[in-house]
Amino acid sequence: MDTLQCAFPFGAHRVDRLFGRLSCLLACQTPARIESLRDHIMSDESTLARQLREAIEGSDRTLHQLANESKVSYSQVYRFAKGERSLTLEAASALADVLGLALRPIRRAKK
């Protein structure tokens, strides 16, 4: 059986070894613990992603329209809107442009 290789800037890592370790870690967890971990990961979503999802939900455009106008695949837009995946910076930027969103610094009170 061939081993898949992934190249990273700091060296090559074996995908089979990584998945083997992840599978082992997950096998040791109870279903309730796995659900808890999933909920925790989903709740720690970045503010930027949350704002983008809220803008998508509040938009008067369909997901198909957003995908066409932003030139991001419908599959990516759909899965992101449903919370199933993240987006690349380029895709998020294209969607933000279509939705009229801009990234600005938050002014914080000095301590």
# chains A, B, ... in the order shown; residues from 1 in each chain; ligands from 1

$ residues_around --residues "range 68-81 of chain A" --least-positions-apart "6" --cutoff "8 Å" --atoms "only C-alpha atoms" --output "PyMOL selection string"
chain A and resi 53+56-57+87+91+94-95+97-98

$ residues_around --residues "Leu52 in chain A" --least-positions-apart "4" --cutoff "8 Å" --atoms "only C-alpha atoms" --output "VMD selection string"
chain A and resid 48 56 92 96

$ select_by_dssp --residues "range 41-83 of chain A" --states "alpha helix (DSSP H)" --output "number ranges by chain"
A: 41-43, 47-58, 63-70, 74-81

$ write_last_selection --atoms "C-alpha atoms" --output "mmCIF file, in the first residue's frame"
data_model
loop_
_atom_site.group_PDB
_atom_site.id
_atom_site.type_symbol
_atom_site.label_atom_id
_atom_site.label_comp_id
_atom_site.auth_asym_id
_atom_site.auth_seq_id
_atom_site.Cartn_x
_atom_site.Cartn_y
_atom_site.Cartn_z
ATOM 1 C CA ILE A 41 -14.948 23.734 18.725
ATOM 2 C CA MET A 42 -18.047 25.158 17.048
ATOM 3 C CA SER A 43 -18.640 27.679 19.862
ATOM 4 C CA THR A 47 -15.911 36.708 15.330
ATOM 5 C CA LEU A 48 -15.144 37.258 11.656
ATOM 6 C CA ALA A 49 -16.669 33.929 10.600
ATOM 7 C CA ARG A 50 -19.689 34.496 12.829
ATOM 8 C CA GLN A 51 -20.266 37.964 11.357
ATOM 9 C CA LEU A 52 -19.938 36.613 7.832
ATOM 10 C CA ARG A 53 -22.461 33.834 8.544
ATOM 11 C CA GLU A 54 -24.875 36.349 10.069
ATOM 12 C CA ALA A 55 -24.530 38.582 7.001
ATOM 13 C CA ILE A 56 -25.238 35.610 4.741
ATOM 14 C CA GLU A 57 -28.339 34.706 6.774
ATOM 15 C CA GLY A 58 -29.545 38.314 6.796
ATOM 16 C CA LEU A 63 -26.859 31.124 -1.491
ATOM 17 C CA HIS A 64 -26.759 30.500 -5.257
ATOM 18 C CA GLN A 65 -26.785 34.246 -5.936
ATOM 19 C CA LEU A 66 -24.045 34.873 -3.370
ATOM 20 C CA ALA A 67 -21.939 32.105 -4.883
ATOM 21 C CA ASN A 68 -22.376 33.421 -8.410
ATOM 22 C CA GLU A 69 -21.680 37.054 -7.509
ATOM 23 C CA SER A 70 -18.625 36.232 -5.387
ATOM 24 C CA TYR A 74 -21.968 27.053 -4.206
ATOM 25 C CA SER A 75 -20.743 24.020 -2.258
ATOM 26 C CA GLN A 76 -18.291 26.161 -0.280
ATOM 27 C CA VAL A 77 -20.891 28.853 0.427
ATOM 28 C CA TYR A 78 -23.530 26.304 1.441
ATOM 29 C CA ARG A 79 -21.241 24.313 3.751
ATOM 30 C CA PHE A 80 -19.846 27.494 5.330
ATOM 31 C CA ALA A 81 -23.336 28.923 5.900
#

$ closest_residue --among "A:Leu25, A:Thr30, A:Lys82, A:Ser59" --to "Leu101 in chain A" --atoms "only C-alpha atoms"
A:Ser59

$ atom_distance --atom1 "CA of Gly100 in chain A" --atom2 "CA of Arg85 in chain A"
21.9 Å
